[in-house]
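Next up, coords.txt (compact mmCIF, C-alpha atoms):
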```txt
# COMPACT_ATOMS: atom_id res chain seq x y z
CA MET H 1 91.94 112.64 8.81
CA THR H 2 88.61 111.83 7.11
CA ALA H 3 86.66 113.99 4.67
CA VAL H 4 83.03 113.47 3.70
CA ILE H 5 82.38 114.78 0.17
CA THR H 6 78.78 115.26 -0.97
CA ASP H 7 77.10 115.47 -4.37
CA VAL H 8 79.62 113.31 -6.19
CA HIS H 9 77.46 113.22 -9.32
CA TYR H 10 79.02 116.58 -10.19
CA ARG H 11 82.21 116.37 -12.23
CA MET H 12 83.71 119.13 -10.05
CA SER H 13 83.77 116.68 -7.14
CA LEU H 14 86.39 114.49 -8.83
CA ALA H 15 89.20 117.03 -8.38
CA LEU H 16 88.37 117.20 -4.68
CA ILE H 17 88.26 113.40 -4.30
CA ARG H 18 91.52 112.82 -6.17
CA ASP H 19 93.48 115.63 -4.52
CA LEU H 20 92.50 114.65 -0.99
CA ALA H 21 93.04 110.92 -1.42
CA GLN H 22 96.47 111.49 -2.95
CA ALA H 23 97.31 113.73 0.02
CA GLY H 24 96.56 110.86 2.40
CA VAL H 25 93.07 111.90 3.50
CA ARG H 26 90.52 109.10 3.98
CA VAL H 27 87.71 110.05 1.59
CA VAL H 28 84.05 109.12 2.08
CA VAL H 29 81.80 110.07 -0.85
CA CYS H 30 78.03 110.61 -0.77
CA TRP H 31 75.48 110.48 -3.56
CA ARG H 32 71.81 111.33 -3.25
CA GLU H 33 69.37 108.98 -4.96
CA ASP H 34 68.03 110.17 -8.34
CA SER H 35 70.53 113.05 -8.57
CA GLY H 36 72.46 111.93 -11.65
CA ALA H 37 75.20 109.41 -12.39
CA PRO H 38 77.42 109.04 -9.28
CA LEU H 39 80.75 109.78 -10.94
CA GLY H 40 82.61 109.76 -7.62
CA PHE H 41 81.47 106.19 -6.91
CA ARG H 42 83.47 105.03 -9.94
CA SER H 43 86.71 106.62 -8.78
CA LYS H 44 89.29 104.26 -7.32
CA TYR H 45 90.09 106.64 -4.47
CA PRO H 46 87.13 106.68 -2.01
CA ALA H 47 87.47 104.49 1.07
CA ARG H 48 83.69 104.38 1.44
CA ARG H 49 80.69 105.09 -0.80
CA VAL H 50 77.38 106.09 0.79
CA THR H 51 73.99 106.49 -0.91
CA LEU H 52 71.71 109.00 0.82
CA PRO H 53 67.91 108.71 0.46
CA ARG H 54 66.05 111.27 -1.59
CA GLU H 55 63.90 112.15 1.42
CA GLY H 56 65.55 112.78 4.76
CA TRP H 57 69.04 112.96 3.25
CA LEU H 58 70.21 115.70 5.61
CA GLU H 59 69.38 113.58 8.64
CA GLU H 60 71.25 110.63 7.11
CA LEU H 61 74.24 112.87 6.43
CA TYR H 62 74.24 113.85 10.11
CA ARG H 63 74.13 110.18 11.12
CA LEU H 64 77.04 109.38 8.80
CA CYS H 65 79.22 112.10 10.32
CA SER H 66 78.20 111.03 13.83
CA GLN H 67 79.10 107.42 13.04
CA ILE H 68 82.53 108.42 11.74
CA ARG H 69 83.06 110.54 14.85
CA GLU H 70 82.24 107.55 17.10
CA GLU H 71 84.42 105.10 15.13
CA GLU H 72 87.49 107.30 14.74
CA GLY H 73 87.30 109.57 17.77
CA GLU H 74 87.67 112.56 15.43
CA SER H 75 85.14 114.62 13.51
CA PRO H 76 85.37 114.41 9.72
CA ALA H 77 85.62 117.46 7.51
CA LEU H 78 82.27 117.84 5.73
CA LEU H 79 82.79 119.29 2.24
CA PRO H 80 79.54 120.13 0.38
CA VAL H 81 79.90 120.27 -3.39
CA GLY H 82 76.34 121.03 -4.54
CA ALA H 83 74.58 124.37 -4.04
CA ALA H 84 71.50 122.74 -2.51
CA THR H 85 73.55 120.86 0.09
CA LEU H 86 75.53 124.00 0.90
CA ALA H 87 72.31 126.00 1.37
CA ALA H 88 70.86 123.28 3.62
CA LEU H 89 73.94 123.30 5.88
CA ALA H 90 74.35 127.09 6.03
CA PRO H 91 71.60 128.11 8.51
CA ALA H 92 72.85 128.83 12.04
CA GLU H 93 70.64 126.20 13.66
CA VAL H 94 71.88 123.48 11.27
CA ARG H 95 75.52 124.45 11.82
CA GLU H 96 74.97 124.30 15.56
CA ARG H 97 73.51 120.80 15.29
CA PHE H 98 76.29 119.51 13.02
CA ALA H 99 79.13 121.16 14.96
CA PRO H 100 79.67 118.25 17.41
CA VAL H 101 80.00 115.66 14.61
CA CYS H 102 81.88 117.39 11.76
CA GLY H 103 83.89 120.43 10.70
CA LEU H 104 82.49 122.95 8.22
CA CYS H 105 84.24 125.79 6.40
CA ILE H 106 81.31 127.32 4.53
CA PRO H 107 79.49 130.66 4.18
CA THR H 108 76.50 131.68 6.28
CA THR H 109 73.00 131.83 4.84
CA GLU H 110 73.21 135.62 4.83
CA GLN H 111 76.47 135.56 2.86
CA LEU H 112 75.03 133.06 0.38
CA ASP H 113 71.88 135.10 -0.17
CA LEU H 114 73.83 138.32 -0.69
CA LEU H 115 76.33 136.91 -3.16
CA ASN H 116 73.74 134.83 -5.02
CA SER H 117 71.77 138.02 -5.68
CA LYS H 118 73.29 139.79 -8.66
CA GLU H 119 71.85 143.10 -7.50
CA GLN H 120 73.21 142.85 -3.94
CA ALA H 121 76.57 141.53 -5.15
CA ALA H 122 76.82 144.53 -7.49
CA GLN H 123 76.02 146.89 -4.60
CA LEU H 124 78.75 145.28 -2.50
CA ALA H 125 81.21 145.57 -5.39
CA ARG H 126 80.46 149.26 -5.95
CA SER H 127 80.84 149.95 -2.22
CA GLN H 128 84.36 148.51 -2.41
CA GLY H 129 85.37 150.35 -5.57
CA VAL H 130 84.97 147.32 -7.86
CA ALA H 131 83.52 148.18 -11.28
CA VAL H 132 80.33 146.46 -12.48
CA PRO H 133 78.40 146.66 -15.77
CA GLU H 134 75.98 149.55 -16.12
CA ALA H 135 72.45 148.48 -15.21
CA TYR H 136 69.18 149.81 -16.66
CA SER H 137 65.80 149.85 -14.94
CA MET H 138 62.35 151.17 -15.72
CA GLU H 139 61.59 154.58 -14.33
CA GLU H 140 58.39 155.15 -12.41
CA GLY H 141 55.47 155.31 -14.83
CA GLU H 142 57.63 154.39 -17.82
CA GLU H 143 56.02 152.19 -20.46
CA PRO H 144 57.83 148.91 -21.28
CA LYS H 145 58.08 149.87 -24.95
CA ALA H 146 59.71 153.19 -24.10
CA PHE H 147 62.13 151.44 -21.74
CA ALA H 148 63.07 148.92 -24.43
CA ARG H 149 63.66 151.67 -27.00
CA ARG H 150 66.14 153.62 -24.85
CA ILE H 151 68.34 150.66 -23.95
CA PRO H 152 71.59 150.32 -25.95
CA TYR H 153 71.90 147.00 -27.80
CA PRO H 154 73.09 144.35 -27.46
CA CYS H 155 72.34 144.08 -23.76
CA VAL H 156 72.03 141.29 -21.20
CA VAL H 157 68.88 140.33 -19.32
CA LYS H 158 68.95 137.89 -16.38
CA PRO H 159 67.05 137.06 -13.19
CA LEU H 160 68.53 138.30 -9.92
CA CYS H 161 69.25 134.72 -8.80
CA GLY H 162 68.87 132.22 -11.64
CA GLU H 163 70.31 129.36 -9.62
CA LYS H 164 67.46 129.49 -7.09
CA LEU H 165 65.07 129.12 -10.02
CA GLY H 166 66.73 125.84 -11.02
CA LEU H 167 68.16 127.27 -14.25
CA THR H 168 71.33 125.87 -15.76
CA ALA H 169 74.31 128.20 -16.17
CA ALA H 170 73.52 128.67 -19.87
CA ASP H 171 69.87 129.56 -19.17
CA ARG H 172 70.47 132.15 -16.46
CA TYR H 173 70.78 135.04 -18.92
CA ARG H 174 70.11 136.08 -22.51
CA ILE H 175 72.00 138.43 -24.79
CA VAL H 176 69.33 140.37 -26.68
CA LYS H 177 69.80 142.53 -29.74
CA THR H 178 66.42 144.20 -30.29
CA PRO H 179 63.63 145.81 -28.21
CA GLU H 180 61.36 142.92 -29.23
CA GLU H 181 63.81 140.33 -27.88
CA LEU H 182 64.23 142.30 -24.66
CA LYS H 183 60.47 142.36 -24.07
CA VAL H 184 60.19 138.60 -24.61
CA TRP H 185 62.94 137.71 -22.16
CA TYR H 186 62.11 140.48 -19.69
CA ASP H 187 58.56 139.15 -19.43
CA ARG H 188 59.69 135.52 -19.31
CA PHE H 189 62.19 136.04 -16.48
CA SER H 190 59.69 138.27 -14.63
CA ARG H 191 57.04 135.53 -14.68
CA LEU H 192 59.58 132.88 -13.67
CA ALA H 193 61.09 134.81 -10.76
CA GLY H 194 58.09 136.87 -9.68
CA GLU H 195 60.19 140.06 -9.88
CA PRO H 196 61.76 142.19 -12.63
CA PRO H 197 65.06 140.83 -14.01
CA LEU H 198 68.33 142.70 -14.25
CA VAL H 199 69.14 144.46 -17.53
CA GLN H 200 72.83 145.28 -18.05
CA GLU H 201 75.13 146.59 -20.73
CA TYR H 202 76.83 143.93 -22.85
CA LEU H 203 80.59 143.71 -22.38
CA SER H 204 82.51 142.61 -25.46
CA GLY H 205 85.77 141.63 -23.79
CA GLY H 206 87.05 138.31 -22.48
CA GLY H 207 85.70 136.44 -19.48
CA MET H 208 87.78 135.83 -16.36
CA GLY H 209 87.32 134.36 -12.92
CA CYS H 210 88.98 134.88 -9.56
CA SER H 211 88.42 131.86 -7.32
CA VAL H 212 89.21 132.08 -3.62
CA LEU H 213 89.18 130.13 -0.40
CA ALA H 214 88.59 132.51 2.49
CA GLU H 215 88.28 132.30 6.24
CA ASN H 216 86.71 135.07 8.33
CA GLY H 217 87.24 137.63 5.58
CA GLN H 218 90.85 136.68 4.81
CA ILE H 219 91.80 135.06 1.51
CA ARG H 220 93.75 131.88 2.23
CA ALA H 221 94.24 130.85 -1.41
CA ALA H 222 93.38 132.27 -4.83
CA LEU H 223 93.44 131.11 -8.44
CA CYS H 224 92.55 133.25 -11.45
CA HIS H 225 91.60 131.96 -14.88
CA ARG H 226 90.72 133.23 -18.32
CA ARG H 227 87.93 131.69 -20.36
CA ILE H 228 89.11 130.43 -23.77
CA ARG H 229 85.98 128.73 -25.13
CA GLU H 230 82.50 128.06 -23.80
CA TYR H 231 79.63 125.72 -24.54
CA PRO H 232 77.01 126.56 -25.61
CA VAL H 233 78.93 129.20 -27.54
CA SER H 234 76.02 131.65 -27.13
CA GLY H 235 77.00 131.93 -23.49
CA GLY H 236 77.53 128.79 -21.44
CA PRO H 237 80.05 127.43 -18.95
CA SER H 238 83.74 127.21 -19.78
CA ALA H 239 84.71 124.41 -22.12
CA CYS H 240 88.37 125.45 -22.04
CA CYS H 241 90.18 127.87 -19.74
CA GLU H 242 93.67 128.72 -18.57
CA SER H 243 95.13 129.87 -15.27
CA VAL H 244 96.51 133.41 -15.27
CA ASP H 245 98.40 135.64 -12.87
CA ARG H 246 96.05 138.54 -12.02
CA PRO H 247 96.91 140.13 -8.68
CA ASP H 248 94.57 143.01 -9.55
CA LEU H 249 91.57 140.68 -9.50
CA VAL H 250 92.68 139.09 -6.24
CA GLU H 251 93.04 142.53 -4.66
CA MET H 252 89.53 143.57 -5.74
CA VAL H 253 87.99 140.31 -4.54
CA GLY H 254 89.93 140.63 -1.29
CA ARG H 255 88.16 143.90 -0.50
CA MET H 256 84.75 142.31 -1.00
CA VAL H 257 85.63 139.20 0.99
CA ALA H 258 86.95 141.31 3.88
CA ARG H 259 83.83 143.50 3.90
CA LEU H 260 81.63 140.39 4.22
CA GLY H 261 83.86 138.51 6.65
CA TYR H 262 83.38 135.67 4.18
CA THR H 263 84.30 132.05 4.89
CA GLY H 264 84.41 129.29 2.28
CA LEU H 265 84.94 128.86 -1.45
CA ALA H 266 83.73 131.33 -4.07
CA MET H 267 84.35 132.24 -7.68
CA PHE H 268 84.03 135.89 -8.73
CA GLU H 269 83.24 136.17 -12.43
CA PHE H 270 84.53 139.16 -14.39
CA LYS H 271 84.33 140.34 -17.97
CA GLU H 272 86.42 142.97 -19.69
CA ASP H 273 85.01 146.05 -21.37
CA ARG H 274 86.30 147.42 -24.69
CA GLU H 275 89.32 148.95 -22.98
CA GLY H 276 90.21 145.69 -21.26
CA ASN H 277 89.10 146.80 -17.79
CA PRO H 278 87.54 144.02 -15.69
CA ARG H 279 84.03 144.40 -14.33
CA LEU H 280 82.35 142.04 -11.90
CA LEU H 281 79.43 140.13 -13.41
CA GLU H 282 78.39 137.81 -10.57
CA VAL H 283 79.62 135.58 -7.76
CA ASN H 284 79.29 131.82 -7.30
CA PRO H 285 79.65 131.28 -3.52
CA ARG H 286 80.39 127.56 -3.76
CA ILE H 287 82.44 125.08 -5.78
CA TRP H 288 82.33 126.35 -9.37
CA GLY H 289 82.34 124.72 -12.80
CA THR H 290 86.05 125.16 -13.50
CA TYR H 291 87.07 123.91 -10.05
CA PRO H 292 89.17 121.07 -11.61
CA LEU H 293 91.63 123.79 -12.66
CA THR H 294 92.63 123.96 -8.98
CA ARG H 295 93.95 120.39 -9.37
CA VAL H 296 95.46 120.82 -12.83
CA SER H 297 97.39 123.91 -11.67
CA GLY H 298 98.59 122.23 -8.47
CA SER H 299 97.07 124.99 -6.32
CA GLY H 300 96.49 122.81 -3.24
CA ILE H 301 93.14 124.50 -2.55
CA SER H 302 91.30 121.22 -1.96
CA LEU H 303 93.65 120.11 0.82
CA LEU H 304 93.61 123.53 2.47
CA TRP H 305 89.79 123.59 2.46
CA CYS H 306 89.74 120.13 4.01
CA VAL H 307 92.22 121.06 6.76
CA LEU H 308 90.41 124.30 7.59
CA ALA H 309 87.14 122.39 7.94
CA TRP H 310 88.73 119.55 9.93
CA ASN H 311 90.35 121.96 12.37
CA ARG H 312 86.99 123.62 12.99
CA GLY H 313 85.51 120.25 13.86
CA ASN H 314 88.38 119.24 16.14
CA PRO H 315 89.20 122.23 18.37
CA GLY H 316 92.30 121.70 20.45
CA ARG H 317 93.60 119.10 17.98
CA GLU H 318 94.23 121.37 15.01
CA VAL H 319 96.80 120.31 12.44
CA PRO H 320 99.14 122.78 10.68
CA LEU H 321 97.81 124.35 7.51
CA PRO H 322 99.56 123.04 4.39
CA GLU H 323 101.94 125.37 2.60
CA LEU H 324 100.55 126.05 -0.84
CA PRO H 325 102.71 126.26 -3.96
CA LYS H 326 102.17 129.01 -6.48
CA PRO H 327 99.62 127.68 -9.03
CA ARG H 328 101.10 126.67 -12.38
CA LEU H 329 100.11 128.57 -15.51
CA CYS H 330 98.33 125.91 -17.53
CA ARG H 331 95.33 125.17 -19.73
CA MET H 332 92.39 122.85 -19.01
CA GLN H 333 89.44 121.64 -21.04
CA PHE H 334 86.39 119.43 -20.76
CA ALA H 335 86.95 117.47 -23.96
CA ALA H 336 83.32 116.68 -24.83
CA SER H 337 82.15 120.23 -24.22
CA ASP H 338 85.15 121.68 -26.05
CA LEU H 339 84.52 119.55 -29.13
CA MET H 340 80.89 120.64 -29.15
CA SER H 341 82.00 124.24 -28.78
CA GLY H 342 84.12 123.75 -31.90
CA VAL H 343 81.01 122.72 -33.81
CA GLY H 344 79.18 125.76 -32.48
CA TYR H 345 81.97 128.15 -33.44
CA ALA H 346 82.16 126.61 -36.91
CA LYS H 347 78.44 127.22 -37.45
CA ARG H 348 79.02 130.84 -36.51
CA GLY H 349 81.86 131.15 -38.99
CA GLN H 350 84.52 131.46 -36.26
CA LEU H 351 86.79 128.90 -37.87
CA GLY H 352 89.87 129.81 -35.84
CA LYS H 353 88.13 128.94 -32.57
CA ALA H 354 86.63 125.83 -34.13
CA VAL H 355 90.03 124.51 -35.23
CA SER H 356 91.59 125.38 -31.88
CA ALA H 357 88.92 123.36 -30.09
CA GLY H 358 89.68 120.31 -32.22
CA LEU H 359 93.43 120.61 -31.79
CA SER H 360 93.20 121.08 -28.03
CA VAL H 361 91.84 117.56 -27.61
CA LEU H 362 95.07 116.24 -29.14
CA ALA H 363 97.44 118.65 -27.40
CA PRO H 364 99.43 116.93 -24.62
CA TRP H 365 99.90 120.20 -22.72
CA VAL H 366 96.12 120.71 -22.34
CA ARG H 367 94.81 118.72 -19.36
CA ASP H 368 91.28 117.38 -19.15
CA GLY H 369 89.26 118.43 -16.12
CA LEU H 370 87.45 115.10 -15.93
CA TRP H 371 89.35 112.27 -17.60
CA GLU H 372 92.47 110.84 -15.97
CA TRP H 373 94.09 107.65 -17.26
CA SER H 374 95.09 106.68 -13.72
CA ASP H 375 91.43 106.90 -12.62
CA PRO H 376 89.30 106.22 -15.73
CA GLY H 377 86.11 104.96 -14.08
CA PRO H 378 84.36 108.35 -13.66
CA GLY H 379 85.21 109.32 -17.24
CA TRP H 380 83.70 106.15 -18.69
CA LEU H 381 80.51 106.67 -16.68
CA TYR H 382 80.29 110.33 -17.69
CA TYR H 383 80.59 109.62 -21.41
CA ARG H 384 78.11 106.75 -21.25
CA SER H 385 75.66 109.10 -19.57
CA LEU H 386 76.15 111.66 -22.36
CA LEU H 387 75.46 109.02 -25.02
CA ARG H 388 72.26 107.97 -23.27
CA LYS H 389 71.08 111.57 -23.23
CA GLU H 390 71.78 111.94 -26.94
CA ARG H 391 69.78 108.80 -27.71
CA ALA H 392 66.84 109.79 -25.51
```
How does this structure look as structure tokens?
Amino acid sequence: MTAVITDVHYRMSLALIRDLAQAGVRVVVCWREDSGAPLGFRSKYPARRVTLPREGWLEELYRLCSQIREEEGESPALLPVGAATLAALAPAEVRERFAPVCGLCIPTTEQLDLLNSKEQAAQLARSQGVAVPEAYSMEEGEEPKAFARRIPYPCVVKPLCGEKLGLTAADRYRIVKTPEELKVWYDRFSRLAGEPPLVQEYLSGGGMGCSVLAENGQIRAALCHRRIREYPVSGGPSACCESVDRPDLVEMVGRMVARLGYTGLAMFEFKEDREGNPRLLEVNPRIWGTYPLTRVSGSGISLLWCVLAWNRGNPGREVPLPELPKPRLCRMQFAASDLMSGVGYAKRGQLGKAVSAGLSVLAPWVRDGLWEWSDPGPGWLYYRSLLRKERA
């Protein structure tokens, strides 16, 4: 069995590469020119490393899969890591063209568009009885100043789909504390997106995620996590998180997945209100930032995704689905981000979190989501890239 993994400049791709290779899958990794340091190229596990051109990369990806099909007599599983690659493969006409040369287990364009839209995802959640933060919008004829004065603070302002605007995770929303701040960011996101942003109540509780692999509306595997620290501390991606047992989140997500008939990977992000009740913030219908936790916890999600995709590309030759163990309860960090989060928390006077961040780097029971001593090449490249950015 061969798997083609794209976008291996993302650190999330390493968990996929390592899990599949250690399970006996022949791994072919792809990197697009000028898309960042190819971390996956430095791993010891890939059987083949392929550089795709900046222009015409989708056609070259098709040719690669076709070549593997001709050489091996079997279609590879094509596993897109990046959002742009996933979006390019999702349209029906592209799927139809790729179907003879590879197997895909990904969402449709319609599913991607719905879940990437915070407004539509919230509507879906409400229709399935899943709580979401209260949203505020201008009434017809209402002046912006009057709107800003009646909103409770702090509140959150964000574009309906920040990822399509090319914004990083930390830049896709702002927590604002005054009417003046709201006007600044409301206007800025409106100009950037060409439509009014979403304004929501601020939830003070902890952040959680429910990550799933689904097929035709049925959850095949799930892993929940709780966010411990983030970087930037003002509201960025997880720097440290831990797996948790939350069947309530899985049940809620299951209703949404079933309603959509969803296929593929997705992470449903929740935050707790003051009473500790989870509310859905948004959905990432793709491989997510904390995906390495699937490897650290031993969930087996990577292998299952690969087999589901491979079976779709090789009808009549399907292999049995692997039996998945129950994910371990464990903690994971990205050491560089977690150390920087410690600095950020210290500046805010949150010394407990700052000390915890420093100690986690030394704790043997906290696994790193990037660095592995048995496969150090990607880690060395990643940290060299960080140093270059700091010097620039």
Give me, as a list of chain:residue names, all polymer residues having an atom no more than 9 Å from Leu381 of chain H, counting all atoms listed in the file and skipping those fewer than 4 positions away in the same chain.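 What passes the distance filter is H:Ala37, H:Pro38, H:Leu39, H:Arg42, H:Pro376, H:Gly377, H:Ser385, H:Leu386.
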- Task: Could you jot down the atom CA of Thr51 of chain H to atom CA of Ala266 of chain H separation for me, Å, one decimal place?
- Result: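 Computing it gives 26.9 Å between the two atoms.
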For Thr85 of chain H, work out the shell of residues within 10 Å, counting only C-alpha atoms and skipping chain neighbours fewer than 6 positions away, then give it as a list in words.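 Listed by chain and then number, they are Thr6, Asp7, Trp57, Leu58 and Leu79 of chain H.
Atom CA of Val27 of chain H lies 13.8 Å from atom CA of Cys102 of chain H.
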* Asked: With only C-alpha atoms as the basis for distance, which of H:Lys44, H:Arg150, H:Arg317, H:Arg172 is at the shortest distance from Lys118 of chain H?
  ->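 Closest to Lys118 of chain H, using only C-alpha atoms: H:Arg172.
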Counting only C-alpha atoms, give me one row per residue of segment 22-129 of chain H with an atom at most 12 Å from an atom of segment 282-305 of chain H, showing the shortest contact pair and its distance in Å to one decimal, sorted by chain then residue number, as a tab-separated table.
```
residue	atom	partner	partner_atom	distance
H:Gln22	CA	H:Leu303	CA	9.8
H:Ala23	CA	H:Leu303	CA	7.4
H:Gly24	CA	H:Leu303	CA	9.8
H:Val25	CA	H:Leu303	CA	8.7
H:Arg26	CA	H:Leu303	CA	11.9
H:Val27	CA	H:Leu303	CA	11.7
H:Ala77	CA	H:Trp305	CA	9.0
H:Leu78	CA	H:Trp305	CA	10.0
H:Leu79	CA	H:Trp305	CA	8.2
H:Pro80	CA	H:Ile287	CA	8.4
H:Val81	CA	H:Ile287	CA	5.9
H:Gly82	CA	H:Ile287	CA	7.4
H:Ala83	CA	H:Arg286	CA	6.6
H:Ala84	CA	H:Arg286	CA	10.2
H:Thr85	CA	H:Arg286	CA	10.3
H:Leu86	CA	H:Arg286	CA	7.6
H:Ala87	CA	H:Arg286	CA	9.7
H:Ala90	CA	H:Arg286	CA	11.5
H:Gly103	CA	H:Trp305	CA	10.6
H:Leu104	CA	H:Trp305	CA	9.3
H:Cys105	CA	H:Trp305	CA	7.2
H:Ile106	CA	H:Arg286	CA	8.3
H:Pro107	CA	H:Pro285	CA	7.7
H:Thr108	CA	H:Pro285	CA	10.3
H:Thr109	CA	H:Pro285	CA	10.7
H:Glu110	CA	H:Pro285	CA	11.4
H:Gln111	CA	H:Pro285	CA	8.3
H:Leu112	CA	H:Pro285	CA	6.3
H:Asp113	CA	H:Pro285	CA	9.3
H:Leu114	CA	H:Val283	CA	9.5
H:Leu115	CA	H:Val283	CA	5.8
H:Asn116	CA	H:Val283	CA	6.5
H:Ser117	CA	H:Glu282	CA	8.2
H:Lys118	CA	H:Glu282	CA	5.8
H:Glu119	CA	H:Glu282	CA	9.0
H:Gln120	CA	H:Glu282	CA	9.8
H:Ala121	CA	H:Glu282	CA	6.8
H:Ala122	CA	H:Glu282	CA	7.6
H:Gln123	CA	H:Glu282	CA	11.1
H:Leu124	CA	H:Glu282	CA	11.0
H:Ala125	CA	H:Glu282	CA	9.7
```
Let's have the selection written as a PDB file, keeping the file's coordinate frame, with C-alpha atoms.
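To be explicit, this is the file written out as result32.pdb:
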```
ATOM      1  CA  GLN H  22      96.470 111.490  -2.950  1.00  0.00           C
ATOM      2  CA  ALA H  23      97.310 113.730   0.020  1.00  0.00           C
ATOM      3  CA  GLY H  24      96.560 110.860   2.400  1.00  0.00           C
ATOM      4  CA  VAL H  25      93.070 111.900   3.500  1.00  0.00           C
ATOM      5  CA  ARG H  26      90.520 109.100   3.980  1.00  0.00           C
ATOM      6  CA  VAL H  27      87.710 110.050   1.590  1.00  0.00           C
ATOM      7  CA  ALA H  77      85.620 117.460   7.510  1.00  0.00           C
ATOM      8  CA  LEU H  78      82.270 117.840   5.730  1.00  0.00           C
ATOM      9  CA  LEU H  79      82.790 119.290   2.240  1.00  0.00           C
ATOM     10  CA  PRO H  80      79.540 120.130   0.380  1.00  0.00           C
ATOM     11  CA  VAL H  81      79.900 120.270  -3.390  1.00  0.00           C
ATOM     12  CA  GLY H  82      76.340 121.030  -4.540  1.00  0.00           C
ATOM     13  CA  ALA H  83      74.580 124.370  -4.040  1.00  0.00           C
ATOM     14  CA  ALA H  84      71.500 122.740  -2.510  1.00  0.00           C
ATOM     15  CA  THR H  85      73.550 120.860   0.090  1.00  0.00           C
ATOM     16  CA  LEU H  86      75.530 124.000   0.900  1.00  0.00           C
ATOM     17  CA  ALA H  87      72.310 126.000   1.370  1.00  0.00           C
ATOM     18  CA  ALA H  90      74.350 127.090   6.030  1.00  0.00           C
ATOM     19  CA  GLY H 103      83.890 120.430  10.700  1.00  0.00           C
ATOM     20  CA  LEU H 104      82.490 122.950   8.220  1.00  0.00           C
ATOM     21  CA  CYS H 105      84.240 125.790   6.400  1.00  0.00           C
ATOM     22  CA  ILE H 106      81.310 127.320   4.530  1.00  0.00           C
ATOM     23  CA  PRO H 107      79.490 130.660   4.180  1.00  0.00           C
ATOM     24  CA  THR H 108      76.500 131.680   6.280  1.00  0.00           C
ATOM     25  CA  THR H 109      73.000 131.830   4.840  1.00  0.00           C
ATOM     26  CA  GLU H 110      73.210 135.620   4.830  1.00  0.00           C
ATOM     27  CA  GLN H 111      76.470 135.560   2.860  1.00  0.00           C
ATOM     28  CA  LEU H 112      75.030 133.060   0.380  1.00  0.00           C
ATOM     29  CA  ASP H 113      71.880 135.100  -0.170  1.00  0.00           C
ATOM     30  CA  LEU H 114      73.830 138.320  -0.690  1.00  0.00           C
ATOM     31  CA  LEU H 115      76.330 136.910  -3.160  1.00  0.00           C
ATOM     32  CA  ASN H 116      73.740 134.830  -5.020  1.00  0.00           C
ATOM     33  CA  SER H 117      71.770 138.020  -5.680  1.00  0.00           C
ATOM     34  CA  LYS H 118      73.290 139.790  -8.660  1.00  0.00           C
ATOM     35  CA  GLU H 119      71.850 143.100  -7.500  1.00  0.00           C
ATOM     36  CA  GLN H 120      73.210 142.850  -3.940  1.00  0.00           C
ATOM     37  CA  ALA H 121      76.570 141.530  -5.150  1.00  0.00           C
ATOM     38  CA  ALA H 122      76.820 144.530  -7.490  1.00  0.00           C
ATOM     39  CA  GLN H 123      76.020 146.890  -4.600  1.00  0.00           C
ATOM     40  CA  LEU H 124      78.750 145.280  -2.500  1.00  0.00           C
ATOM     41  CA  ALA H 125      81.210 145.570  -5.390  1.00  0.00           C
TER      42      ALA H 125
END
```
Among H:Ser211, H:Ala222, H:Asp171, H:Tyr262, Pro325 of chain H is approached most closely, using only C-alpha atoms, by H:Ala222
Original post:
For the atom pair atom CA of Val361 of chain H and atom CA of Met208 of chain H, what is the interatomic distance in Å to one decimal place?
Top reply: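 Those two atoms sit 21.8 Å apart.
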Using all atoms listed in the file, the shortest atom-to-atom distance to Met332 of chain H among H:Arg174, H:Arg384, H:Arg227, H:Arg188 belongs to H:Arg227
At most 8 Å is the cut-off: for each residue in segment 127-159 of chain H with any atom that close to an atom of segment 244-255 of chain H, write down the nearest atom pair and the distance in Å rounded to one decimal, counting all atoms listed in the file, chain first then increasing number, as JSON lines.
```
{"residue": "H:Gln128", "atom": "CA", "partner": "H:Arg255", "partner_atom": "CA", "distance": 6.3}
{"residue": "H:Gly129", "atom": "CA", "partner": "H:Met252", "partner_atom": "CA", "distance": 8.0}
{"residue": "H:Val130", "atom": "CA", "partner": "H:Met252", "partner_atom": "CA", "distance": 6.3}
```
| Option closest in space to Glu134 of chain H, from H:Thr168, H:Ser243, H:Asn216, H:Gln200 [counting all atoms listed in the file] |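 The closest residue to Glu134 of chain H is H:Gln200.
Between Ile68 of chain H and the candidates H:Pro53, H:Pro100, H:Gly40, H:Pro179, the tightest atom-to-atom separation, counting all atoms listed in the file, involves H:Pro100.
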